[in-house]
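One file, work-v7.tsv, carrying TSV, C-alpha atoms (C1' of nucleotides) and all ligand atoms:
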chain	number	residue	atom	x	y	z
G	1	MET	CA	37.97	57.79	144.36
G	2	THR	CA	36.46	60.16	141.82
G	3	PHE	CA	37.14	59.77	138.12
G	4	THR	CA	38.18	62.29	135.55
G	5	PRO	CA	35.98	62.49	132.46
G	6	ALA	CA	38.81	60.91	130.48
G	7	GLU	CA	38.91	57.98	132.87
G	8	VAL	CA	35.18	57.56	132.61
G	9	LEU	CA	35.44	57.32	128.85
G	10	ARG	CA	38.25	54.76	128.93
G	11	ASP	CA	36.33	52.84	131.54
G	12	ARG	CA	33.52	52.49	129.02
G	13	GLY	CA	35.97	51.26	126.46
G	14	ILE	CA	36.16	54.32	124.23
G	15	ALA	CA	39.05	56.63	123.55
G	16	ALA	CA	39.28	59.84	125.54
G	17	THR	CA	39.62	62.33	122.74
G	18	ALA	CA	39.62	66.10	123.10
G	19	GLN	CA	36.49	66.22	120.98
G	20	ARG	CA	34.54	63.81	123.17
G	21	LEU	CA	35.56	65.61	126.31
G	22	ALA	CA	34.44	68.92	124.84
G	23	VAL	CA	31.11	67.41	123.81
G	24	LEU	CA	30.69	66.07	127.32
G	25	ARG	CA	31.37	69.53	128.79
G	26	ALA	CA	28.91	71.15	126.40
G	27	VAL	CA	26.14	68.78	127.41
G	28	ALA	CA	26.96	69.11	131.11
G	29	ASN	CA	26.96	72.87	130.77
G	30	SER	CA	23.55	73.20	129.07
G	31	PRO	CA	20.92	70.54	129.59
G	32	HIS	CA	18.66	69.90	126.57
G	33	ILE	CA	21.18	71.31	124.14
G	34	THR	CA	20.96	70.62	120.40
G	35	ALA	CA	23.73	69.08	118.33
G	36	GLU	CA	24.28	72.49	116.71
G	37	GLY	CA	24.53	74.01	120.18
G	38	VAL	CA	27.16	71.46	121.06
G	39	VAL	CA	29.07	72.34	117.90
G	40	ALA	CA	29.08	76.02	118.85
G	41	PHE	CA	30.02	75.39	122.47
G	42	ALA	CA	32.76	72.92	121.64
G	43	GLN	CA	34.25	75.13	118.95
G	44	ALA	CA	34.50	77.95	121.46
G	45	ASP	CA	35.88	75.48	123.97
G	46	ILE	CA	38.65	73.71	122.07
G	47	GLY	CA	39.04	75.95	119.03
G	48	ALA	CA	37.86	73.58	116.32
G	49	ILE	CA	35.73	70.50	115.91
G	50	SER	CA	33.84	69.16	112.95
G	51	ARG	CA	30.13	68.79	112.94
G	52	GLN	CA	30.53	65.13	112.08
G	53	ALA	CA	32.77	64.58	115.10
G	54	VAL	CA	30.08	66.10	117.29
G	55	TYR	CA	27.41	63.80	115.86
G	56	ASP	CA	29.73	60.81	116.24
G	57	ALA	CA	30.62	61.70	119.81
G	58	LEU	CA	27.00	62.31	120.77
G	59	GLY	CA	26.14	58.95	119.24
G	60	VAL	CA	28.69	56.91	121.16
G	61	LEU	CA	28.07	58.79	124.39
G	62	VAL	CA	24.39	57.99	124.08
G	63	ASN	CA	25.15	54.36	123.29
G	64	LYS	CA	27.45	54.10	126.27
G	65	GLY	CA	24.82	55.60	128.53
G	66	LEU	CA	26.83	58.69	129.44
G	67	ILE	CA	24.29	61.08	128.00
G	68	ARG	CA	20.69	60.87	126.94
G	69	ARG	CA	19.06	61.91	123.69
G	70	ILE	CA	15.48	63.12	123.61
G	71	GLN	CA	13.67	63.84	120.39
G	72	PRO	CA	10.65	66.06	120.83
G	73	VAL	CA	8.35	66.36	117.86
G	74	GLY	CA	9.19	69.36	115.73
G	75	SER	CA	12.56	69.92	117.34
G	76	PRO	CA	16.03	68.63	116.58
G	77	ALA	CA	17.32	66.10	119.09
G	78	LEU	CA	18.30	67.39	122.52
G	79	TYR	CA	21.04	66.02	124.76
G	80	GLU	CA	21.46	65.99	128.53
G	81	ASP	CA	23.70	64.29	131.04
G	82	ARG	CA	20.97	63.49	133.54
G	83	VAL	CA	20.98	59.76	132.97
G	84	ALA	CA	20.92	58.26	136.44
G	85	ASP	CA	17.21	58.71	137.10
G	86	ASN	CA	13.88	58.18	135.46
G	87	HIS	CA	12.57	61.45	134.26
G	88	HIS	CA	10.41	62.79	131.50
G	89	HIS	CA	9.98	66.07	129.72
G	90	VAL	CA	7.31	68.68	129.49
G	91	ILE	CA	7.29	70.73	126.32
G	92	CYS	CA	5.64	74.11	125.84
G	93	ARG	CA	3.25	74.08	122.91
G	94	ILE	CA	3.70	77.81	122.48
G	95	CYS	CA	7.44	78.38	122.58
G	96	GLY	CA	8.87	74.86	122.59
G	97	VAL	CA	10.90	75.20	125.80
G	98	VAL	CA	11.61	71.89	127.53
G	99	ALA	CA	11.75	71.13	131.26
G	100	ASP	CA	12.42	67.99	133.27
G	101	VAL	CA	9.63	66.33	135.21
G	102	ASP	CA	9.52	63.29	137.39
G	103	CYS	CA	6.54	61.05	136.92
G	104	ALA	CA	3.92	60.88	139.62
G	105	VAL	CA	3.12	57.22	139.43
G	106	GLY	CA	5.86	55.33	141.23
G	107	SER	CA	9.12	54.48	139.61
G	108	THR	CA	7.86	52.71	136.52
G	109	PRO	CA	4.65	54.46	135.62
G	110	CYS	CA	2.72	53.51	132.58
G	111	LEU	CA	5.10	50.65	131.95
G	112	ARG	CA	2.27	48.33	131.18
G	113	ALA	CA	-0.05	48.66	128.26
G	114	ALA	CA	-3.55	47.26	128.57
G	115	ASP	CA	-2.67	44.68	125.95
G	116	ASP	CA	0.94	44.35	124.98
G	117	MET	CA	0.06	43.07	121.51
G	118	GLY	CA	2.61	40.33	121.96
G	119	TYR	CA	5.46	42.80	122.18
G	120	GLU	CA	8.16	42.49	124.84
G	121	ILE	CA	7.81	46.01	126.19
G	122	ASP	CA	10.84	47.37	128.02
G	123	GLU	CA	10.19	51.07	128.16
G	124	ALA	CA	7.43	53.64	128.27
G	125	GLU	CA	8.50	57.07	127.17
G	126	VAL	CA	6.30	59.95	128.24
G	127	ALA	CA	6.14	63.43	126.79
G	128	TYR	CA	3.98	65.98	128.57
G	129	TRP	CA	2.54	68.86	126.58
G	130	GLY	CA	1.43	72.17	128.00
G	131	ARG	CA	2.09	75.88	128.35
G	132	CYS	CA	5.16	77.10	130.16
G	133	PRO	CA	5.06	79.69	132.98
G	134	THR	CA	6.53	82.37	130.74
G	135	CYS	CA	3.97	81.89	127.99
G	136	GLN	CA	1.21	81.92	130.62
G	137	ALA	CA	2.54	85.17	132.07
G	138	GLU	CA	2.75	86.79	128.65
G	139	GLY	CA	-0.75	85.58	127.92
G	140	ARG	CA	0.40	83.85	124.75
G	141	THR	CA	-2.16	81.41	123.41
G	142	THR	CA	-0.98	80.85	119.86
G	143	THR	CA	1.84	78.62	118.94
G	144	VAL	CA	5.01	80.08	117.59
G	145	LEU	CA	5.98	76.58	116.52
G	146	ASP	CA	3.64	76.27	113.57
G	147	THR	CA	5.03	76.80	110.17
G	148	PRO	CA	3.74	79.75	108.14
G	149	SER	CA	1.78	77.43	105.87
G	150	SER	CA	0.04	75.67	108.72
G	151	ARG	CA	-0.67	79.05	110.26
G	152	ARG	CA	-2.32	80.05	106.99
G	153	GLN	CA	-4.59	77.01	107.17
G	154	ASN	CA	-5.41	77.64	110.73
G	155	GLN	CA	-6.71	81.15	111.20
G	156	ARG	CA	-8.85	80.54	114.26
G	157	ARG	CA	-7.25	80.56	117.68
G	158	THR	CA	-6.07	77.02	118.08
G	159	ARG	CA	-6.91	75.48	121.39
G	160	PRO	CA	-4.14	73.02	122.23
G	161	GLU	CA	-6.45	70.15	123.00
G	162	GLU	CA	-7.61	70.29	119.42
G	163	LEU	CA	-4.10	69.62	118.20
G	164	HIS	CA	-3.24	66.67	120.41
G	165	PRO	CA	-6.46	64.78	121.17
G	166	THR	CA	-4.85	61.82	122.94
G	167	HIS	CA	-5.10	61.80	126.66
G	168	THR	CA	-6.58	65.22	126.68
G	169	ALA	CA	-8.30	65.86	129.95
G	170	LYS	CA	-10.03	68.67	131.77
G	171	PRO	CA	-8.30	69.91	134.92
G	172	GLU	CA	-10.65	68.03	137.23
G	173	GLU	CA	-9.95	64.83	135.32
G	174	ILE	CA	-6.28	65.43	135.78
G	175	SER	CA	-6.82	65.71	139.52
G	176	ARG	CA	-8.65	62.42	139.52
G	177	ALA	CA	-6.07	60.62	137.44
G	178	ILE	CA	-3.85	58.21	139.31
N	1	MET	CA	-28.16	59.64	109.47
N	2	THR	CA	-24.69	58.69	108.30
N	3	PHE	CA	-22.51	61.20	106.52
N	4	THR	CA	-20.48	60.95	103.39
N	5	PRO	CA	-16.81	61.88	103.73
N	6	ALA	CA	-17.51	65.00	101.68
N	7	GLU	CA	-20.22	66.02	104.11
N	8	VAL	CA	-17.91	65.46	107.04
N	9	LEU	CA	-15.33	67.76	105.49
N	10	ARG	CA	-17.85	70.52	104.79
N	11	ASP	CA	-19.22	70.11	108.26
N	12	ARG	CA	-15.78	70.95	109.60
N	13	GLY	CA	-15.68	74.02	107.42
N	14	ILE	CA	-13.24	72.86	104.79
N	15	ALA	CA	-13.78	72.22	101.11
N	16	ALA	CA	-14.44	68.67	100.00
N	17	THR	CA	-11.80	68.34	97.31
N	18	ALA	CA	-10.94	65.19	95.43
N	19	GLN	CA	-7.44	65.34	96.91
N	20	ARG	CA	-8.63	65.50	100.51
N	21	LEU	CA	-11.06	62.67	99.99
N	22	ALA	CA	-8.30	60.53	98.49
N	23	VAL	CA	-6.00	61.32	101.41
N	24	LEU	CA	-8.76	60.36	103.79
N	25	ARG	CA	-9.25	57.05	101.97
N	26	ALA	CA	-5.51	56.36	102.04
N	27	VAL	CA	-5.33	56.89	105.78
N	28	ALA	CA	-8.48	54.86	106.40
N	29	ASN	CA	-7.10	52.06	104.25
N	30	SER	CA	-3.73	51.76	105.97
N	31	PRO	CA	-3.34	52.82	109.59
N	32	HIS	CA	0.06	54.30	110.47
N	33	ILE	CA	0.81	55.25	106.88
N	34	THR	CA	3.53	57.74	105.98
N	35	ALA	CA	2.99	60.88	103.92
N	36	GLU	CA	4.87	59.23	101.06
N	37	GLY	CA	2.59	56.22	101.42
N	38	VAL	CA	-0.39	58.50	101.13
N	39	VAL	CA	1.09	60.07	98.00
N	40	ALA	CA	1.47	56.64	96.40
N	41	PHE	CA	-2.00	55.46	97.42
N	42	ALA	CA	-3.73	58.65	96.37
N	43	GLN	CA	-1.94	58.78	93.03
N	44	ALA	CA	-3.14	55.26	92.30
N	45	ASP	CA	-6.58	56.25	93.55
N	46	ILE	CA	-7.32	59.46	91.67
N	47	GLY	CA	-4.61	59.43	89.03
N	48	ALA	CA	-2.61	62.44	90.14
N	49	ILE	CA	-1.93	64.48	93.23
N	50	SER	CA	1.02	66.61	94.22
N	51	ARG	CA	3.14	65.82	97.21
N	52	GLN	CA	2.46	69.30	98.55
N	53	ALA	CA	-1.30	68.77	98.33
N	54	VAL	CA	-0.89	65.60	100.37
N	55	TYR	CA	1.07	67.42	103.05
N	56	ASP	CA	-1.47	70.25	103.06
N	57	ALA	CA	-4.39	67.86	103.29
N	58	LEU	CA	-2.78	65.82	106.06
N	59	GLY	CA	-2.13	69.07	107.90
N	60	VAL	CA	-5.69	70.35	107.80
N	61	LEU	CA	-7.17	66.95	108.52
N	62	VAL	CA	-4.98	66.70	111.60
N	63	ASN	CA	-5.92	70.22	112.67
N	64	LYS	CA	-9.61	69.46	112.24
N	65	GLY	CA	-9.29	66.30	114.27
N	66	LEU	CA	-10.25	63.94	111.47
N	67	ILE	CA	-6.95	62.12	111.52
N	68	ARG	CA	-4.07	61.82	113.93
N	69	ARG	CA	-0.37	62.29	113.35
N	70	ILE	CA	2.18	60.35	115.34
N	71	GLN	CA	5.88	61.01	115.08
N	72	PRO	CA	7.99	58.13	116.32
N	73	VAL	CA	11.67	58.82	116.76
N	74	GLY	CA	13.64	57.84	113.69
N	75	SER	CA	10.61	57.53	111.47
N	76	PRO	CA	8.75	59.97	109.26
N	77	ALA	CA	5.35	60.98	110.63
N	78	LEU	CA	2.58	58.38	110.52
N	79	TYR	CA	-1.12	59.02	110.06
N	80	GLU	CA	-4.21	57.15	111.22
N	81	ASP	CA	-7.92	57.77	111.41
N	82	ARG	CA	-8.41	56.26	114.86
N	83	VAL	CA	-9.10	59.53	116.64
N	84	ALA	CA	-12.11	58.81	118.80
N	85	ASP	CA	-10.30	57.04	121.60
N	86	ASN	CA	-7.24	57.39	123.78
N	87	HIS	CA	-4.59	55.08	122.53
N	88	HIS	CA	-0.84	54.90	122.38
N	89	HIS	CA	1.72	53.13	120.25
N	90	VAL	CA	4.25	50.41	120.75
N	91	ILE	CA	7.21	50.47	118.43
N	92	CYS	CA	9.53	47.57	117.68
N	93	ARG	CA	13.14	48.48	118.35
N	94	ILE	CA	14.28	45.88	115.84
N	95	CYS	CA	12.13	46.44	112.79
N	96	GLY	CA	10.24	49.63	113.59
N	97	VAL	CA	6.74	48.26	113.14
N	98	VAL	CA	4.07	50.17	115.05
N	99	ALA	CA	0.98	48.81	116.80
N	100	ASP	CA	-1.85	50.40	118.76
N	101	VAL	CA	-2.13	49.86	122.49
N	102	ASP	CA	-4.58	51.08	125.04
N	103	CYS	CA	-3.14	52.29	128.30
N	104	ALA	CA	-3.64	50.24	131.43
N	105	VAL	CA	-4.09	53.02	133.92
N	106	GLY	CA	-7.61	54.35	133.60
N	107	SER	CA	-8.62	56.82	130.96
N	108	THR	CA	-6.07	59.53	131.67
N	109	PRO	CA	-2.98	57.67	132.73
N	110	CYS	CA	0.19	59.46	133.55
N	111	LEU	CA	-1.54	62.75	133.05
N	112	ARG	CA	0.04	64.17	136.10
N	113	ALA	CA	3.71	64.80	136.55
N	114	ALA	CA	5.16	64.76	140.05
N	115	ASP	CA	5.87	68.46	139.75
N	116	ASP	CA	4.35	70.27	136.82
N	117	MET	CA	7.13	72.88	136.82
N	118	GLY	CA	4.50	75.58	136.54
N	119	TYR	CA	3.34	74.31	133.18
N	120	GLU	CA	-0.36	73.92	132.36
N	121	ILE	CA	-0.15	70.30	131.25
N	122	ASP	CA	-2.96	69.13	128.99
N	123	GLU	CA	-1.61	65.93	127.54
N	124	ALA	CA	0.69	63.02	128.27
N	125	GLU	CA	1.89	61.21	125.20
N	126	VAL	CA	3.23	57.71	125.71
N	127	ALA	CA	5.43	55.67	123.40
N	128	TYR	CA	6.12	52.08	124.34
N	129	TRP	CA	9.30	50.43	123.12
N	130	GLY	CA	9.85	46.74	122.73
N	131	ARG	CA	10.26	43.80	120.39
N	132	CYS	CA	7.45	42.73	118.14
N	133	PRO	CA	6.15	39.16	117.91
N	134	THR	CA	7.75	38.63	114.51
N	135	CYS	CA	11.18	39.76	115.64
N	136	GLN	CA	10.86	37.54	118.71
N	137	ALA	CA	9.93	34.56	116.54
N	138	GLU	CA	12.83	35.18	114.18
N	139	GLY	CA	15.12	35.52	117.19
N	140	ARG	CA	16.31	38.92	116.02
N	141	THR	CA	18.09	40.87	118.73
N	142	THR	CA	19.89	43.58	116.81
N	143	THR	CA	18.25	46.63	115.47
N	144	VAL	CA	17.80	47.05	111.78
N	145	LEU	CA	16.99	50.67	112.46
N	146	ASP	CA	20.48	51.90	113.25
N	147	THR	CA	22.37	53.68	110.58
N	148	PRO	CA	25.50	52.03	109.21
N	149	SER	CA	27.70	54.52	111.06
N	150	SER	CA	26.04	53.88	114.40
N	151	ARG	CA	26.31	50.15	113.74
N	152	ARG	CA	30.03	50.60	113.21
N	153	GLN	CA	30.32	52.28	116.61
N	154	ASN	CA	28.24	49.65	118.20
N	155	GLN	CA	29.69	46.24	117.54
N	156	ARG	CA	28.52	44.52	120.70
N	157	ARG	CA	25.03	43.11	120.83
N	158	THR	CA	22.96	46.06	121.85
N	159	ARG	CA	20.55	45.30	124.60
N	160	PRO	CA	17.59	47.63	124.10
N	161	GLU	CA	17.56	48.93	127.65
N	162	GLU	CA	20.99	50.34	127.03
N	163	LEU	CA	19.66	52.49	124.24
N	164	HIS	CA	16.66	53.96	126.00
N	165	PRO	CA	17.41	54.15	129.71
N	166	THR	CA	14.26	55.95	130.73
N	167	HIS	CA	11.68	53.84	132.48
N	168	THR	CA	13.60	50.73	131.81
N	169	ALA	CA	12.38	47.91	134.00
N	170	LYS	CA	12.93	44.23	134.47
N	171	PRO	CA	9.93	42.03	133.72
N	172	GLU	CA	9.05	41.57	137.40
N	173	GLU	CA	9.06	45.33	137.84
N	174	ILE	CA	6.72	45.59	134.93
N	175	SER	CA	4.36	43.17	136.61
N	176	ARG	CA	4.44	45.25	139.74
N	177	ALA	CA	3.87	48.51	137.95
N	178	ILE	CA	0.43	50.02	138.31
J	1	DC	C1'	-27.48	77.74	86.44
J	2	DG	C1'	-23.37	81.38	86.14
J	3	DT	C1'	-20.06	84.32	88.78
J	4	DC	C1'	-16.52	85.64	91.77
J	5	DG	C1'	-13.56	85.66	95.72
J	6	DA	C1'	-11.56	82.64	98.77
J	7	DA	C1'	-9.69	78.37	99.34
J	8	DT	C1'	-7.00	74.96	97.42
J	9	DC	C1'	-3.72	72.79	94.30
J	10	DT	C1'	0.57	72.49	91.29
J	11	DT	C1'	5.28	73.22	90.38
J	12	DG	C1'	9.78	73.53	91.51
J	13	DA	C1'	13.19	75.49	94.41
J	14	DC	C1'	14.79	75.22	98.91
J	15	DT	C1'	15.94	74.02	104.00
J	16	DG	C1'	17.41	71.68	108.37
J	17	DA	C1'	19.02	67.93	110.53
J	18	DG	C1'	21.50	64.40	109.99
J	19	DT	C1'	24.31	60.66	107.27
J	20	DC	C1'	27.84	58.67	104.09
J	21	DA	C1'	32.41	57.73	102.45
J	22	DA	C1'	37.29	58.19	101.96
J	23	DG	C1'	41.37	59.58	103.53
J	24	DA	C1'	44.24	61.86	107.39
J	25	DT	C1'	45.20	61.96	112.30
J	26	DT	C1'	45.19	60.47	117.02
J	27	DT	C1'	44.86	57.17	120.72
J	28	DT	C1'	46.05	53.20	123.07
J	29	DG	C1'	48.01	48.90	124.49
J	30	DA	C1'	51.86	45.77	123.52
E	1	DT	C1'	58.25	53.39	120.86
E	2	DC	C1'	55.18	51.80	117.38
E	3	DA	C1'	51.70	49.90	114.73
E	4	DA	C1'	46.75	48.74	114.57
E	5	DA	C1'	42.51	50.35	115.61
E	6	DA	C1'	39.76	53.94	116.59
E	7	DT	C1'	38.61	58.45	115.68
E	8	DC	C1'	38.33	62.83	113.19
E	9	DT	C1'	38.01	65.92	108.97
E	10	DT	C1'	36.05	67.24	104.73
E	11	DG	C1'	32.60	67.71	101.61
E	12	DA	C1'	28.98	65.59	99.14
E	13	DC	C1'	24.59	63.78	99.83
E	14	DT	C1'	19.75	62.27	101.58
E	15	DC	C1'	15.29	62.55	103.54
E	16	DA	C1'	11.25	64.60	105.11
E	17	DG	C1'	9.22	68.42	104.85
E	18	DT	C1'	8.48	73.64	103.73
E	19	DC	C1'	8.19	77.95	100.91
E	20	DA	C1'	6.45	80.89	97.35
E	21	DA	C1'	4.02	82.15	93.25
E	22	DG	C1'	0.84	81.40	90.06
E	23	DA	C1'	-3.09	78.38	88.17
E	24	DT	C1'	-7.27	75.93	89.27
E	25	DT	C1'	-11.33	74.63	91.79
E	26	DC	C1'	-14.94	75.12	95.25
E	27	DG	C1'	-19.19	76.76	96.90
E	28	DA	C1'	-22.11	80.68	98.54
E	29	DC	C1'	-24.84	83.91	96.48
E	30	DG	C1'	-27.78	86.07	93.17
G	201	MN	MN	15.86	66.13	130.88
G	202	MN	MN	-2.63	54.13	116.27
G	203	ZN	ZN	6.40	78.67	126.41
G	204	ZN	ZN	9.99	43.87	114.91

Take the structure in this file and express it as structure tokens.
Amino acid sequence: MTFTPAEVLRDRGIAATAQRLAVLRAVANSPHITAEGVVAFAQADIGAISRQAVYDALGVLVNKGLIRRIQPVGSPALYEDRVADNHHHVICRICGVVADVDCAVGSTPCLRAADDMGYEIDEAEVAYWGRCPTCQAEGRTTTVLDTPSSRRQNQRRTRPEELHPTHTAKPEEISRAI
Amino acid sequence: MTFTPAEVLRDRGIAATAQRLAVLRAVANSPHITAEGVVAFAQADIGAISRQAVYDALGVLVNKGLIRRIQPVGSPALYEDRVADNHHHVICRICGVVADVDCAVGSTPCLRAADDMGYEIDEAEVAYWGRCPTCQAEGRTTTVLDTPSSRRQNQRRTRPEELHPTHTAKPEEISRAI
DNA sequence: CGTCGAATCTTGACTGAGTCAAGATTTTGA
DNA sequence: TCAAAATCTTGACTCAGTCAAGATTCGACG
């Protein structure tokens, strides 16, 4: 037995409104979509929906585990319906495009810190940073994500590893890494 | 030979202004401080400084590698001067407090995705999520980070793993994890 | 030392992404 | 069917940060 989206919503204990169903379709249709993107899609889909309703729907759908919210630095939140698996995201430093990646290290990689500082740790969230195939092909080496004022401060060609020093590694170190 | 902060700044090719030195002192004084925190500290320190000057200074100091910016979800950016090593952050889901953690898996953990999607990956950024010792001691189990509207939607006791499904693991899985 | 151009700082308006609050509408389960 | 609860609409509002233009300061050079 397969369930309609409306049944899935009621099963989770929330009302199956036209707005929520439209939001669900928007997210299913375009992975890593922004809230504004959902607004546009859903308005085209069902004719009208308020921005607040979209934010509310995205919020409960995230809480109920039907969709996932990711919040890359420097970008508004993105939503996707790929919730069943463990996956991370790789973000292009140049153009900001986001892609899914599985993690190499088993099913719960990096889920232990060297010293947990007394915290009960239940999740390790990983964001990979790099340069996407398109930006490589176009030979782009400067970010288009910087603001004009930071670009002013930063006339030299910025090498990415200078921006994000943590866990920076040379290619051969990457090969060695577990 | 040890260098004065002013010398360090000039060495990196930027002017040693009173504002930048005050920002540097603010960050050195309180790890994981917000920009607003820096404004307050620096104003007490040198009498007056504009908010824009603080943002500008934080920006160039980050670009020059003298300080590090971290941007936890749901929090304004935080700044610290611990830049020499690889370290990550663990964030309390209940109260939002941030602590430093080293990563367990060698010096470049998680720096390889299963499939790099054609990206040139140069960094893996890890955020650990959990419950801090204080919140454990106080027996707090509900977030104080949610907004009122999301709290309205979310009457049941929220178990953290329901909020952040990625890399969720039971304790025994954590023990098994590399 | 003084000077001068570049770098930096101040001021104040402005933006994007998201939230709040109150009242109207819709959904659901009895 | 019908009311109570949940949800949606509207429009103001907030927060963190950015923009732009002009004033001030820094520091390399003479
Ligand atoms: Mn994804
Ligand atoms: Mn830190
Ligand atoms: Zn790109
Ligand atoms: Zn806490």

Which chain E residues are at most 9 Å from chain N (counting only C-alpha atoms (C1' of nucleotides)), as a ChimeraX atom specification? /E:16-17,25-27

For a quick check of understanding, using all atoms listed in the file, which of G:Val54, G:Leu24, G:Ala40, G:Met1 has the smallest distance to chain J? G:Val54

Nearby residues, ligand ZN 204 (chain G), 7 Å, only C-alpha atoms (C1' of nucleotides) and all ligand atoms, as JSON, numbers by chain: {"N": [92, 93, 94, 95, 96, 97, 131, 132, 133, 134, 135]}

Show me which bits of chain J are within 8 Å of chain N, counting all atoms listed in the file, as a ChimeraX atom specification. /J:7,9-10,19

By how many Å are atom CA of N:Gly139 and atom CA of N:Ile91 apart?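 Taking atom CA of N:Gly139 and atom CA of N:Ile91, their separation equals 17.0 Å.
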
Select the residues contacting ligand MN 202 (chain G) at a distance of at most 8 Å, based on all atoms listed in the file, then format the selection as a PyMOL selection string. chain N and resi 31-32+70+80+82+87-89+98-101

What is the atom CA of N:Val23-atom CA of N:Gln71 distance in Å, reported with one decimal?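 Going from atom CA of N:Val23 over to atom CA of N:Gln71, I get 18.1 Å.
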
Take every atom of stretch 2-13 of chain E listed in the file, fit an axis-aligned box around them, add 3 Å per side, and give the centre and edge lengths in Å to one decimal as lines of an AutoDock Vina configuration file.
center_x = 39.9
center_y = 58.2
center_z = 108.3
size_x = 36.6
size_y = 25.0
size_z = 24.2

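Take the candidates N:Asp81, N:Thr2, N:Glu138, N:Pro72 and check each one against chain G using all atoms listed in the file; the shortest distance goes to N:Pro72.
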
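Across the structure, atom CA of N:Gly59 and atom CA of N:Ile121 are spaced 23.5 Å apart.
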
Within 12 Å of E:DT1, counting only C-alpha atoms (C1' of nucleotides), which residues show up once you throw out same-chain ones fewer than 2 positions away? Write them as a short mmCIF file (atom, residue, chain, number, x, y, z; two decimals) with C-alpha atoms (C1' of nucleotides), in the coordinates of the input, please.
data_model
loop_
_atom_site.label_atom_id
_atom_site.label_comp_id
_atom_site.auth_asym_id
_atom_site.auth_seq_id
_atom_site.Cartn_x
_atom_site.Cartn_y
_atom_site.Cartn_z
"C1'" DG J 29 48.01 48.90 124.49
"C1'" DA J 30 51.86 45.77 123.52
"C1'" DA E 3 51.70 49.90 114.73
#

Could you tell me which of G:Ala18, G:Ala28, G:Ile67, G:Val60 comes closest to chain N if we count all atoms listed in the file? G:Val60

For ligand ZN 203 (chain G), which residue among N:Met117, N:Val8, N:Val126, N:Ala42 is the nearest when counting all atoms listed in the file?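 So, comparing all the options, the nearest one is N:Met117.
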
Step by step: start from the point (38.4, 54.6, 110.9) in the file's coordinates, keep every protein, DNA or RNA residue that has an atom no farther than 12 Å from it, count all atoms listed in the file, and write the set as a compact mmCIF listing (two decimals) with C-alpha atoms (C1' of nucleotides), keeping the file's coordinate frame.
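Now in result.txt:
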# COMPACT_ATOMS: atom_id res chain seq x y z
CA ASP G 56 29.73 60.81 116.24
CA SER N 149 27.70 54.52 111.06
CA ARG N 152 30.03 50.60 113.21
CA GLN N 153 30.32 52.28 116.61
C1' DA J 21 32.41 57.73 102.45
C1' DA J 22 37.29 58.19 101.96
C1' DG J 23 41.37 59.58 103.53
C1' DA J 24 44.24 61.86 107.39
C1' DT J 25 45.20 61.96 112.30
C1' DT J 26 45.19 60.47 117.02
C1' DA E 4 46.75 48.74 114.57
C1' DA E 5 42.51 50.35 115.61
C1' DA E 6 39.76 53.94 116.59
C1' DT E 7 38.61 58.45 115.68
C1' DC E 8 38.33 62.83 113.19
C1' DT E 9 38.01 65.92 108.97

Output stretch 17-24 of chain G with N, CA, C and O atoms present, as a short mmCIF file (atom, residue, chain, number, x, y, z; two decimals), in the frame of the given file.
data_model
loop_
_atom_site.label_atom_id
_atom_site.label_comp_id
_atom_site.auth_asym_id
_atom_site.auth_seq_id
_atom_site.Cartn_x
_atom_site.Cartn_y
_atom_site.Cartn_z
N THR G 17 39.11 61.31 123.65
CA THR G 17 39.62 62.33 122.74
C THR G 17 39.20 63.71 123.21
O THR G 17 38.22 63.87 123.95
N ALA G 18 39.95 64.72 122.75
CA ALA G 18 39.62 66.10 123.10
C ALA G 18 38.20 66.44 122.66
O ALA G 18 37.47 67.12 123.38
N GLN G 19 37.81 65.91 121.50
CA GLN G 19 36.49 66.22 120.98
C GLN G 19 35.40 65.65 121.89
O GLN G 19 34.41 66.33 122.20
N ARG G 20 35.57 64.41 122.30
CA ARG G 20 34.54 63.81 123.17
C ARG G 20 34.44 64.52 124.51
O ARG G 20 33.34 64.72 125.04
N LEU G 21 35.60 64.91 125.02
CA LEU G 21 35.56 65.61 126.31
C LEU G 21 34.86 66.96 126.17
O LEU G 21 34.08 67.36 127.04
N ALA G 22 35.10 67.62 125.05
CA ALA G 22 34.44 68.92 124.84
C ALA G 22 32.93 68.74 124.68
O ALA G 22 32.14 69.54 125.20
N VAL G 23 32.54 67.68 123.98
CA VAL G 23 31.11 67.41 123.81
C VAL G 23 30.47 67.14 125.18
O VAL G 23 29.40 67.65 125.50
N LEU G 24 31.17 66.38 125.97
CA LEU G 24 30.69 66.07 127.32
C LEU G 24 30.52 67.36 128.14
O LEU G 24 29.50 67.55 128.83
#
